[in-house]
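A short write-up of the structure that comes next.
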Amino acid sequence: MVDYLVIGLGLAGISFCEVLEQHNKYFKVISDDSQTSSNVAGGLYNPVILKRFTLAWDARAQLDEAIPFYEKLEQKLHTQLDYKLPVLRRFASIEEQNMWFEAADKPQMSHFLSTRIVANKNSAIDAPFGYGEVLHTGRIATKKLLQVYKNYLAEKDLILQETLLFDQLVFGKNQVSYKGVIAKNVVFATGYGQSSNPFFNYLPLNGTKGELLTIKAPQLKEDKVIKSSVFIIPLGNDLYRVGATYKWKDKTNLPTDESKSELLEKLNTFLKCDYEVVDHVAGIRPTVVDRRPLVGRHPEKEDLYVLNGFGSRGVMTAPKLAWDLFNYIENGISLAKEIDIDRFTKKYYLVNS
């Protein structure tokens, strides 16, 4: 018997596994790598919504949990994951500069927004009004994290690399069995794959497709993240990640020429050097109608839980929400109403009536 069967190994699944290990809980993971959003993510942790100069939901608490979480992972896995990078918001006008200063004066924002204008010294970028600098930012190498962590679990015989067959889940008294594995609890952390989950498909996980490019730009020589109409994220070796798009209808993981053209058109409005597109990836972000995560217990099956709906900010939100779910299950600490799936219980009974 295991304490937990964790389904899915993206940022949510990894974060929950780490909490379980810290509390000496025995677990197994089932993952088929079908969901790619964590794998192709830009990986930025940035507490500020740079379109409106406002603080992202619960950003301070999330960062306070996330930064030491990734530090411990780096030590445990013996690999660098967290790359400290300033984020520079390119100003399009004097008016935007003034809006930045107004935002920086607010108590909740002063910790994250620098009050000096950063002059542009890079001839490869058109930024005549300079930049505002966001503080306490960086990039998590999500693709590397997923690969290294999967290998770590495989070495300890803690992962089954296969697609979960829902009809093989057998519910008993205070336990769930699956192909000979008996678990006290099952946690689904499957990203957009939750849409095909018969236990949690009533939850309004609509999914948003994001596409990103990788370009090689030897003349750019930029070591900071630049945010204008798109992000430019330095990866090293003259490579930069460019993104991202937001599409609501297409639910495939296939890159499209339409989104590639959209990203390049926006990039070309301020990037003034030659470059080559060397990669193009896509994934479905697990976004929710009310823009809040999905955390909690199934309305009827008390052994089933969900940890999902992180949208585009999984790097920041996953570590804290994993702790929230663990404390809910093990210690009976209530979940915040805005993340608890109890807010959709009425919909569950409507769908299943």
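Ordered as shown in the structure tokens, chains take letters A, B, and onward, while each chain numbers its residues from 1 and ligands are numbered from 1 in the order shown.
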Those in range 79-236 of chain A with helix (DSSP H, G or I) from DSSP, as a PyMOL selection string: chain A and resi 94-104+142-155+166-168+191-196
All residues 10 Å or closer to range 223-227 of chain A, only C-alpha atoms, same chain fewer than 6 positions away omitted, as number ranges by chain: A: 44, 50-51, 84-91, 125, 131-134, 137-139, 233-236, 238, 240-243
Residue neighbourhood range 160-175 of chain A, 6 Å, only C-alpha atoms, exclusion window fewer than 5 positions, as a list of chain:residue names: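 After dropping sequence-adjacent residues, the list is A:Ile30, A:Ser31, A:Asp32, A:Ala183, A:Lys184.
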Output the selection as an mmCIF file, in the first residue's frame - C-alpha atoms for each residue.
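Result written to result.cif:
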```cif
data_model
loop_
_atom_site.group_PDB
_atom_site.id
_atom_site.type_symbol
_atom_site.label_atom_id
_atom_site.label_comp_id
_atom_site.auth_asym_id
_atom_site.auth_seq_id
_atom_site.Cartn_x
_atom_site.Cartn_y
_atom_site.Cartn_z
ATOM 1 C CA ILE A 30 1.637 7.556 -13.129
ATOM 2 C CA SER A 31 2.514 9.739 -16.120
ATOM 3 C CA ASP A 32 2.371 9.352 -19.877
ATOM 4 C CA ALA A 183 -3.381 3.795 -2.343
ATOM 5 C CA LYS A 184 -5.011 5.666 0.490
#
```
With range 5-24 of chain A as the partner and 12 Å as the cut-off, tabulate the residues of range 91-143 of chain A that qualify, each row holding the nearest pair of atoms and their distance in Å to one decimal, using only C-alpha atoms, sorted by chain and rising number, as a Markdown table.
```
| residue | atom | partner | partner_atom | distance |
| --- | --- | --- | --- | --- |
| A:Ile140 | CA | A:Leu11 | CA | 10.7 |
| A:Ala141 | CA | A:Leu11 | CA | 11.3 |
| A:Thr142 | CA | A:Leu11 | CA | 8.0 |
| A:Lys143 | CA | A:Gly10 | CA | 9.6 |
```
Pull all heavy atoms from the residues just selected and write them as a PDB file, in the first residue's frame.
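Writing done, so here's again.pdb:
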```
ATOM      1  N   ILE A 140      12.754  29.446 -14.389  1.00  0.00           N
ATOM      2  CA  ILE A 140      12.973  28.048 -14.035  1.00  0.00           C
ATOM      3  C   ILE A 140      13.073  27.232 -15.330  1.00  0.00           C
ATOM      4  O   ILE A 140      12.218  27.354 -16.216  1.00  0.00           O
ATOM      5  CB  ILE A 140      11.823  27.503 -13.163  1.00  0.00           C
ATOM      6  CG1 ILE A 140      11.719  28.302 -11.861  1.00  0.00           C
ATOM      7  CG2 ILE A 140      12.028  26.027 -12.855  1.00  0.00           C
ATOM      8  CD1 ILE A 140      12.941  28.267 -10.987  1.00  0.00           C
ATOM      9  N   ALA A 141      14.105  26.435 -15.427  1.00  0.00           N
ATOM     10  CA  ALA A 141      14.290  25.580 -16.614  1.00  0.00           C
ATOM     11  C   ALA A 141      13.335  24.392 -16.499  1.00  0.00           C
ATOM     12  O   ALA A 141      13.712  23.308 -16.043  1.00  0.00           O
ATOM     13  CB  ALA A 141      15.734  25.117 -16.720  1.00  0.00           C
ATOM     14  N   THR A 142      12.093  24.608 -16.921  1.00  0.00           N
ATOM     15  CA  THR A 142      11.042  23.619 -16.680  1.00  0.00           C
ATOM     16  C   THR A 142      11.284  22.314 -17.431  1.00  0.00           C
ATOM     17  O   THR A 142      11.030  21.234 -16.894  1.00  0.00           O
ATOM     18  CB  THR A 142       9.668  24.190 -17.061  1.00  0.00           C
ATOM     19  OG1 THR A 142       9.696  24.673 -18.415  1.00  0.00           O
ATOM     20  CG2 THR A 142       9.295  25.345 -16.138  1.00  0.00           C
ATOM     21  N   LYS A 143      11.758  22.400 -18.648  1.00  0.00           N
ATOM     22  CA  LYS A 143      11.995  21.175 -19.418  1.00  0.00           C
ATOM     23  C   LYS A 143      13.065  20.320 -18.741  1.00  0.00           C
ATOM     24  O   LYS A 143      12.917  19.098 -18.594  1.00  0.00           O
ATOM     25  CB  LYS A 143      12.410  21.512 -20.851  1.00  0.00           C
ATOM     26  CG  LYS A 143      12.549  20.293 -21.747  1.00  0.00           C
ATOM     27  CD  LYS A 143      12.842  20.698 -23.184  1.00  0.00           C
ATOM     28  CE  LYS A 143      12.935  19.478 -24.091  1.00  0.00           C
ATOM     29  NZ  LYS A 143      13.195  19.859 -25.513  1.00  0.00           N
TER      30      LYS A 143
END
```
Residue neighbourhood range 282-299 of chain A, 7 Å, only C-alpha atoms, exclusion window fewer than 3 positions, as a VMD selection string: chain A and resid 36 to 37 40 191 to 192 204 to 212 251 253 to 255 302 304 to 312 325 338 to 341 345
For the residues in that selection, give me C-alpha atoms as a CSV table (one decimal), in the first residue's frame.
```csv
chain,number,residue,atom,x,y,z
A,36,THR,CA,3.2,19.5,-22.6
A,37,SER,CA,2.4,22.8,-21.0
A,40,VAL,CA,7.2,24.0,-23.2
A,191,GLY,CA,-3.2,19.7,-16.5
A,192,TYR,CA,-5.5,20.0,-19.5
A,204,PRO,CA,-14.6,24.4,-15.9
A,205,LEU,CA,-11.0,23.8,-17.1
A,206,ASN,CA,-11.2,25.4,-20.6
A,207,GLY,CA,-7.5,25.3,-21.6
A,208,THR,CA,-5.6,28.0,-23.5
A,209,LYS,CA,-3.1,27.2,-26.2
A,210,GLY,CA,0.2,28.9,-26.0
A,211,GLU,CA,3.0,28.8,-28.6
A,212,LEU,CA,6.6,29.9,-28.2
A,251,LYS,CA,-6.9,22.4,-28.3
A,253,ASN,CA,-0.3,20.6,-29.1
A,254,LEU,CA,0.7,21.3,-32.7
A,255,PRO,CA,2.5,24.5,-33.6
A,302,GLU,CA,-13.4,11.0,-0.6
A,304,LEU,CA,-9.8,11.5,-4.9
A,305,TYR,CA,-8.2,14.9,-5.1
A,306,VAL,CA,-7.3,17.4,-7.7
A,307,LEU,CA,-4.4,19.9,-8.1
A,308,ASN,CA,-4.7,21.8,-11.3
A,309,GLY,CA,-5.7,25.0,-13.1
A,310,PHE,CA,-2.5,27.0,-12.7
A,311,GLY,CA,-2.7,28.7,-16.1
A,312,SER,CA,0.4,30.5,-17.2
A,325,LEU,CA,-3.5,20.5,-0.6
A,338,GLU,CA,-11.1,31.0,-4.1
A,339,ILE,CA,-9.1,27.8,-4.9
A,340,ASP,CA,-11.4,25.1,-3.3
A,341,ILE,CA,-13.3,23.1,-5.9
A,345,THR,CA,-20.0,21.4,-6.3
```
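By chain and then residue number, the residues within 10 Å of Asn237 in chain A are Lys216, Ala217, Pro218 and Lys221 of chain A, counting only C-alpha atoms and disregarding those fewer than 6 positions away in sequence.
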Write the selection just made, keeping N, CA, C and O atoms, as a PDB file, in the first residue's frame?
```
ATOM      1  N   LYS A 216      17.709  32.249 -32.691  1.00  0.00           N
ATOM      2  CA  LYS A 216      19.157  32.432 -32.517  1.00  0.00           C
ATOM      3  C   LYS A 216      19.491  33.818 -33.062  1.00  0.00           C
ATOM      4  O   LYS A 216      19.230  34.096 -34.237  1.00  0.00           O
ATOM      5  N   ALA A 217      20.009  34.677 -32.175  1.00  0.00           N
ATOM      6  CA  ALA A 217      20.272  36.070 -32.546  1.00  0.00           C
ATOM      7  C   ALA A 217      21.645  36.474 -32.025  1.00  0.00           C
ATOM      8  O   ALA A 217      21.770  37.063 -30.940  1.00  0.00           O
ATOM      9  N   PRO A 218      22.709  36.167 -32.771  1.00  0.00           N
ATOM     10  CA  PRO A 218      24.067  36.433 -32.290  1.00  0.00           C
ATOM     11  C   PRO A 218      24.344  37.907 -32.009  1.00  0.00           C
ATOM     12  O   PRO A 218      25.217  38.227 -31.190  1.00  0.00           O
ATOM     13  N   LYS A 221      22.810  39.934 -27.953  1.00  0.00           N
ATOM     14  CA  LYS A 221      23.651  40.076 -26.756  1.00  0.00           C
ATOM     15  C   LYS A 221      22.882  40.678 -25.569  1.00  0.00           C
ATOM     16  O   LYS A 221      23.291  41.658 -24.958  1.00  0.00           O
TER      17      LYS A 221
END
```
Within 9 Å of Trp100 in chain A, counting only C-alpha atoms, which residues show up once you throw out same-chain ones fewer than 6 positions away? Write them as a PDB file with all heavy atoms, in the first residue's frame, please.
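Result saved to selection_22.pdb:
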```
ATOM      1  N   PHE A  53       0.383  46.717 -14.912  1.00  0.00           N
ATOM      2  CA  PHE A  53       1.215  47.113 -13.773  1.00  0.00           C
ATOM      3  C   PHE A  53       0.497  46.833 -12.456  1.00  0.00           C
ATOM      4  O   PHE A  53       0.455  47.679 -11.549  1.00  0.00           O
ATOM      5  CB  PHE A  53       1.599  48.594 -13.851  1.00  0.00           C
ATOM      6  CG  PHE A  53       2.271  49.002 -15.132  1.00  0.00           C
ATOM      7  CD1 PHE A  53       2.234  50.313 -15.554  1.00  0.00           C
ATOM      8  CD2 PHE A  53       2.941  48.080 -15.919  1.00  0.00           C
ATOM      9  CE1 PHE A  53       2.852  50.706 -16.737  1.00  0.00           C
ATOM     10  CE2 PHE A  53       3.568  48.456 -17.101  1.00  0.00           C
ATOM     11  CZ  PHE A  53       3.511  49.773 -17.515  1.00  0.00           C
ATOM     12  N   LEU A 113       8.592  46.718  -7.965  1.00  0.00           N
ATOM     13  CA  LEU A 113       8.841  47.627  -9.079  1.00  0.00           C
ATOM     14  C   LEU A 113       9.935  48.622  -8.732  1.00  0.00           C
ATOM     15  O   LEU A 113       9.824  49.366  -7.751  1.00  0.00           O
ATOM     16  CB  LEU A 113       7.562  48.398  -9.444  1.00  0.00           C
ATOM     17  CG  LEU A 113       6.352  47.588  -9.918  1.00  0.00           C
ATOM     18  CD1 LEU A 113       5.219  48.522 -10.331  1.00  0.00           C
ATOM     19  CD2 LEU A 113       6.719  46.656 -11.066  1.00  0.00           C
ATOM     20  N   THR A 115      11.987  52.031  -9.047  1.00  0.00           N
ATOM     21  CA  THR A 115      11.512  53.384  -9.349  1.00  0.00           C
ATOM     22  C   THR A 115      12.477  54.154 -10.242  1.00  0.00           C
ATOM     23  O   THR A 115      12.320  55.360 -10.428  1.00  0.00           O
ATOM     24  CB  THR A 115      11.294  54.172  -8.046  1.00  0.00           C
ATOM     25  OG1 THR A 115      12.484  54.119  -7.255  1.00  0.00           O
ATOM     26  CG2 THR A 115      10.138  53.582  -7.251  1.00  0.00           C
ATOM     27  N   GLY A 132      11.081  49.799 -17.362  1.00  0.00           N
ATOM     28  CA  GLY A 132      10.887  49.651 -15.932  1.00  0.00           C
ATOM     29  C   GLY A 132      11.353  48.256 -15.538  1.00  0.00           C
ATOM     30  O   GLY A 132      11.121  47.289 -16.271  1.00  0.00           O
TER      31      GLY A 132
END
```
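Going from CA of Asp126 in chain A over to CA of Phe270 in chain A, you cover 4.8 Å.
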Based on DSSP run over this structure's backbone, return all residues of range 163-252 of chain A in strand (DSSP E or B), as an mmCIF file with C-alpha atoms, in the first residue's frame.
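Final output, out.cif:
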```
data_model
loop_
_atom_site.group_PDB
_atom_site.id
_atom_site.type_symbol
_atom_site.label_atom_id
_atom_site.label_comp_id
_atom_site.auth_asym_id
_atom_site.auth_seq_id
_atom_site.Cartn_x
_atom_site.Cartn_y
_atom_site.Cartn_z
ATOM 1 C CA LEU A 169 -9.438 2.165 -10.634
ATOM 2 C CA VAL A 170 -11.203 0.058 -8.009
ATOM 3 C CA PHE A 171 -12.682 1.818 -4.996
ATOM 4 C CA GLY A 172 -12.715 0.069 -1.638
ATOM 5 C CA GLN A 175 -8.526 2.958 -0.397
ATOM 6 C CA VAL A 176 -8.216 2.883 -4.173
ATOM 7 C CA SER A 177 -6.432 0.132 -6.087
ATOM 8 C CA TYR A 178 -4.933 0.314 -9.556
ATOM 9 C CA VAL A 181 -1.082 -0.679 -6.381
ATOM 10 C CA ILE A 182 -3.250 0.136 -3.364
ATOM 11 C CA ALA A 183 -3.381 3.795 -2.343
ATOM 12 C CA LYS A 184 -5.011 5.666 0.490
ATOM 13 C CA ASN A 185 -5.392 8.764 -1.706
ATOM 14 C CA VAL A 186 -5.264 9.598 -5.406
ATOM 15 C CA VAL A 187 -4.238 13.088 -6.557
ATOM 16 C CA PHE A 188 -4.891 14.095 -10.158
ATOM 17 C CA LEU A 205 -11.046 23.792 -17.123
ATOM 18 C CA THR A 208 -5.636 28.038 -23.473
ATOM 19 C CA LYS A 209 -3.147 27.170 -26.179
ATOM 20 C CA GLY A 210 0.229 28.868 -26.000
ATOM 21 C CA GLU A 211 2.955 28.836 -28.631
ATOM 22 C CA LEU A 212 6.578 29.924 -28.246
ATOM 23 C CA LEU A 213 9.504 30.331 -30.597
ATOM 24 C CA THR A 214 13.205 29.921 -29.965
ATOM 25 C CA ILE A 215 15.396 32.234 -32.019
ATOM 26 C CA LYS A 216 19.157 32.432 -32.517
ATOM 27 C CA VAL A 225 14.198 39.428 -20.062
ATOM 28 C CA ILE A 226 12.593 42.044 -22.292
ATOM 29 C CA LYS A 227 8.811 42.410 -22.181
ATOM 30 C CA PHE A 231 8.652 38.366 -24.103
ATOM 31 C CA ILE A 232 12.263 37.794 -25.125
ATOM 32 C CA ILE A 233 13.839 35.400 -22.615
ATOM 33 C CA PRO A 234 17.615 34.757 -22.843
ATOM 34 C CA LEU A 235 18.568 31.071 -22.743
ATOM 35 C CA GLY A 236 22.313 31.378 -23.339
ATOM 36 C CA LEU A 239 19.335 31.618 -28.004
ATOM 37 C CA TYR A 240 16.167 33.386 -26.868
ATOM 38 C CA ARG A 241 12.635 32.196 -26.122
ATOM 39 C CA VAL A 242 9.914 34.378 -27.673
ATOM 40 C CA GLY A 243 6.303 34.197 -26.605
ATOM 41 C CA LYS A 247 -5.669 30.839 -28.286
#
```
Selected residue, from A:Cys273, A:His78, A:Ala41, A:Gln97, that lies nearest to Ser123 in chain A when counting only C-alpha atoms: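 Selected residue with least distance to Ser123 in chain A: A:Cys273.
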So which residues touch Thr269 in chain A within 12 Å, counting only C-alpha atoms, skipping near sequence neighbours fewer than 2 positions away, as a tab-separated table (two decimals) with all heavy atoms, in the first residue's frame?
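Ended up saving to selection_29.tsv:
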```tsv
chain	number	residue	atom	x	y	z
A	90	ARG	N	9.43	47.18	-21.45
A	90	ARG	CA	9.71	48.25	-22.42
A	90	ARG	C	8.55	49.25	-22.40
A	90	ARG	O	7.39	48.88	-22.56
A	90	ARG	CB	9.88	47.65	-23.81
A	90	ARG	CG	10.03	48.67	-24.94
A	90	ARG	CD	10.17	47.94	-26.27
A	90	ARG	NE	10.19	48.85	-27.40
A	90	ARG	CZ	9.11	49.22	-28.08
A	90	ARG	NH1	7.91	48.75	-27.74
A	90	ARG	NH2	9.22	50.05	-29.11
A	92	ALA	N	6.36	52.20	-24.02
A	92	ALA	CA	5.99	52.65	-25.36
A	92	ALA	C	5.77	54.15	-25.42
A	92	ALA	O	5.62	54.72	-26.51
A	92	ALA	CB	4.73	51.92	-25.83
A	124	ALA	N	20.33	46.69	-30.69
A	124	ALA	CA	19.50	45.70	-31.39
A	124	ALA	C	18.03	45.80	-30.99
A	124	ALA	O	17.20	45.09	-31.56
A	124	ALA	CB	20.03	44.30	-31.11
A	125	ILE	N	17.73	46.65	-30.00
A	125	ILE	CA	16.35	46.79	-29.53
A	125	ILE	C	15.94	48.25	-29.63
A	125	ILE	O	16.69	49.15	-29.24
A	125	ILE	CB	16.21	46.31	-28.07
A	125	ILE	CG1	16.58	44.83	-27.96
A	125	ILE	CG2	14.78	46.53	-27.55
A	125	ILE	CD1	16.58	44.30	-26.55
A	126	ASP	N	14.77	48.49	-30.15
A	126	ASP	CA	14.20	49.83	-30.22
A	126	ASP	C	13.41	50.10	-28.94
A	126	ASP	O	12.34	49.53	-28.74
A	126	ASP	CB	13.28	49.93	-31.45
A	126	ASP	CG	12.64	51.31	-31.55
A	126	ASP	OD1	13.29	52.30	-31.17
A	126	ASP	OD2	11.47	51.39	-31.98
A	127	ALA	N	13.96	50.93	-28.06
A	127	ALA	CA	13.29	51.25	-26.80
A	127	ALA	C	13.64	52.68	-26.39
A	127	ALA	O	14.34	52.91	-25.41
A	127	ALA	CB	13.69	50.26	-25.71
A	228	SER	N	7.80	43.38	-24.12
A	228	SER	CA	7.10	44.40	-24.89
A	228	SER	C	5.78	43.78	-25.31
A	228	SER	O	5.04	43.30	-24.46
A	228	SER	CB	7.94	44.85	-26.09
A	228	SER	OG	7.29	45.89	-26.79
A	229	SER	N	5.48	43.74	-26.59
A	229	SER	CA	4.27	43.03	-27.04
A	229	SER	C	4.45	41.52	-26.93
A	229	SER	O	3.47	40.77	-26.90
A	229	SER	CB	3.94	43.41	-28.49
A	229	SER	OG	5.10	43.33	-29.30
A	230	VAL	N	5.71	41.06	-26.85
A	230	VAL	CA	6.04	39.67	-26.52
A	230	VAL	C	7.22	39.68	-25.56
A	230	VAL	O	7.90	40.69	-25.40
A	230	VAL	CB	6.40	38.83	-27.78
A	230	VAL	CG1	5.19	38.58	-28.64
A	230	VAL	CG2	7.53	39.50	-28.57
A	262	GLU	N	2.16	35.63	-35.98
A	262	GLU	CA	1.75	36.61	-34.97
A	262	GLU	C	2.92	37.00	-34.07
A	262	GLU	O	3.16	38.19	-33.80
A	262	GLU	CB	0.60	36.04	-34.13
A	262	GLU	CG	0.15	36.95	-33.00
A	262	GLU	CD	-0.89	36.30	-32.10
A	262	GLU	OE1	-1.63	35.41	-32.57
A	262	GLU	OE2	-0.96	36.69	-30.91
A	263	LEU	N	3.67	36.00	-33.60
A	263	LEU	CA	4.80	36.27	-32.72
A	263	LEU	C	5.90	37.06	-33.44
A	263	LEU	O	6.47	38.00	-32.88
A	263	LEU	CB	5.37	34.96	-32.17
A	263	LEU	CG	4.49	34.21	-31.17
A	263	LEU	CD1	5.07	32.82	-30.89
A	263	LEU	CD2	4.35	35.00	-29.87
A	264	LEU	N	6.19	36.68	-34.67
A	264	LEU	CA	7.25	37.37	-35.42
A	264	LEU	C	6.86	38.81	-35.75
A	264	LEU	O	7.70	39.72	-35.71
A	264	LEU	CB	7.58	36.60	-36.70
A	264	LEU	CG	8.23	35.23	-36.49
A	264	LEU	CD1	8.47	34.54	-37.82
A	264	LEU	CD2	9.53	35.35	-35.71
A	265	GLU	N	5.59	39.02	-36.05
A	265	GLU	CA	5.13	40.38	-36.35
A	265	GLU	C	5.31	41.29	-35.13
A	265	GLU	O	5.78	42.42	-35.25
A	265	GLU	CB	3.65	40.34	-36.77
A	265	GLU	CG	3.09	41.70	-37.15
A	265	GLU	CD	1.65	41.62	-37.61
A	265	GLU	OE1	1.19	40.50	-37.95
A	265	GLU	OE2	0.99	42.67	-37.63
A	266	LYS	N	4.95	40.78	-33.96
A	266	LYS	CA	5.12	41.57	-32.74
A	266	LYS	C	6.59	41.76	-32.40
A	266	LYS	O	7.01	42.85	-32.00
A	266	LYS	CB	4.39	40.88	-31.58
A	266	LYS	CG	2.87	40.92	-31.72
A	266	LYS	CD	2.21	40.19	-30.55
A	266	LYS	CE	0.69	40.28	-30.66
A	266	LYS	NZ	0.01	39.55	-29.54
A	267	LEU	N	7.38	40.70	-32.57
A	267	LEU	CA	8.81	40.78	-32.28
A	267	LEU	C	9.49	41.83	-33.15
A	267	LEU	O	10.33	42.61	-32.67
A	267	LEU	CB	9.44	39.41	-32.50
A	267	LEU	CG	10.95	39.29	-32.27
A	267	LEU	CD1	11.29	39.56	-30.81
A	267	LEU	CD2	11.45	37.91	-32.70
A	271	LEU	N	12.55	44.50	-32.23
A	271	LEU	CA	13.85	43.84	-32.38
A	271	LEU	C	14.46	44.25	-33.72
A	271	LEU	O	13.82	44.07	-34.78
A	271	LEU	CB	13.71	42.33	-32.30
A	271	LEU	CG	15.02	41.53	-32.35
A	271	LEU	CD1	15.92	41.89	-31.16
A	271	LEU	CD2	14.76	40.03	-32.38
A	272	LYS	N	15.66	44.79	-33.70
A	272	LYS	CA	16.24	45.39	-34.90
A	272	LYS	C	17.49	44.67	-35.42
A	272	LYS	O	18.24	45.23	-36.21
A	272	LYS	CB	16.60	46.86	-34.60
A	272	LYS	CG	15.40	47.71	-34.18
A	272	LYS	CD	14.28	47.63	-35.23
A	272	LYS	CE	13.06	48.41	-34.80
A	272	LYS	NZ	11.93	48.26	-35.76
A	273	CYS	N	17.69	43.44	-35.01
A	273	CYS	CA	18.83	42.68	-35.52
A	273	CYS	C	18.35	41.43	-36.24
A	273	CYS	O	17.19	41.03	-36.13
A	273	CYS	CB	19.78	42.29	-34.38
A	273	CYS	SG	19.06	41.13	-33.20
```
Atomic distance CA of Phe27 in chain A - CA of Leu158 in chain A, expressed in Å with one decimal: 6.9 Å
